Amino acid sequence: MNYSSDDLLFAGAIILIALVLSIVKRFAKPPLALQQWASQQGFSIVRSRYRQFARGPFAAASVTKEQDVYEVIILTHEGTQRAGWVRCNYATAAERVEIAWNDESPKPALPITAQAAR
């Protein structure tokens with residue numbers, strides 16, 4: 001099978017677009033699970049930063065490809081800022097968010113809807 005230069009150019013363009021969209025999705029805004037968790041807790045996300053290597057309190061834990069770790073600063077409903085680390089787990093049927101505030105030990109992962117009741 002011979003491919004013309006136009007075919008190869010088209011395939012390369014598709015791959016490049018997919019790569020750019022993947023990077024934008026990863027770094028542009030926090031994942032939906034993190035946004036839902038913050039909203040249900042009455043928090044506003046001031047800043048979130050995806051952490052590939054420096055994973056704070058989750059560094060010792062096994063972090064799989066279905067999990068992302070974010071360093072976050074949130075604004076509580078009382079108007080105070082809190083900093084911490086969030087691990088989003090996408091491997092389960094219900095997305096789970098585990099939070100470790102900088103001033104507390106990590107809390108066990110719960111489904112997003114269950115955390116709203118806390």
# chains A, B, ... in the order shown; residues from 1 in each chain; ligands from 1
$ residues_around --residues "stretch 78-87 of chain A" --least-positions-apart "4" --cutoff "10 Å" --atoms "only C-alpha atoms" --output "VMD selection string"
chain A and resid 33 to 34 42 to 51 55 to 58 63 67 to 74 96 to 104 106 109
$ write_last_selection --atoms "C-alpha atoms" --output "CSV table (one decimal), in the first residue's frame"
chain,number,residue,atom,x,y,z
A,33,ALA,CA,-14.3,15.6,39.5
A,34,LEU,CA,-12.3,18.3,41.3
A,42,GLY,CA,-19.0,25.2,49.0
A,43,PHE,CA,-15.4,25.9,47.9
A,44,SER,CA,-14.1,28.0,45.0
A,45,ILE,CA,-10.9,26.8,43.3
A,46,VAL,CA,-8.4,29.7,43.4
A,47,ARG,CA,-5.6,27.7,41.8
A,48,SER,CA,-5.0,24.1,40.8
A,49,ARG,CA,-1.8,22.7,39.4
A,50,TYR,CA,-1.4,19.3,38.0
A,51,ARG,CA,1.5,17.5,39.6
A,55,ARG,CA,2.8,14.5,44.6
A,56,GLY,CA,2.9,15.8,48.1
A,57,PRO,CA,1.4,13.4,50.6
A,58,PHE,CA,0.4,11.1,47.8
A,63,VAL,CA,-0.6,6.5,41.9
A,67,GLN,CA,-5.3,8.9,39.0
A,68,ASP,CA,-4.2,12.5,38.9
A,69,VAL,CA,-2.7,14.6,41.7
A,70,TYR,CA,-3.3,18.3,41.9
A,71,GLU,CA,-1.9,20.9,44.3
A,72,VAL,CA,-4.8,23.3,45.1
A,73,ILE,CA,-5.7,26.5,46.8
A,74,ILE,CA,-9.3,26.9,47.6
A,96,ARG,CA,-13.6,9.7,43.8
A,97,VAL,CA,-11.6,12.6,45.2
A,98,GLU,CA,-9.2,12.3,48.1
A,99,ILE,CA,-8.0,15.5,49.8
A,100,ALA,CA,-5.0,16.1,52.0
A,101,TRP,CA,-4.9,19.6,53.5
A,102,ASN,CA,-1.4,20.9,54.2
A,103,ASP,CA,-2.4,21.1,57.9
A,104,GLU,CA,-4.1,17.7,58.3
A,106,PRO,CA,-5.2,12.6,54.2
A,109,ALA,CA,-11.4,8.6,49.3
$ closest_residue --among "A:Leu8, A:Gln52, A:Asn89, A:His77" --to "A:Ala38" --atoms "only C-alpha atoms"
A:His77
$ select_by_dssp --residues "stretch 4-60 of chain A" --states "helix (DSSP H, G or I)" --output "MDAnalysis selection string"
chainID A and resid 5:28 32:41 56:58
$ atom_distance --atom1 "atom CA of A:Ser5" --atom2 "atom CA of A:Val24"
28.3 Å
$ atom_distance --atom1 "atom CA of A:Gln36" --atom2 "atom CA of A:Cys88"
11.3 Å
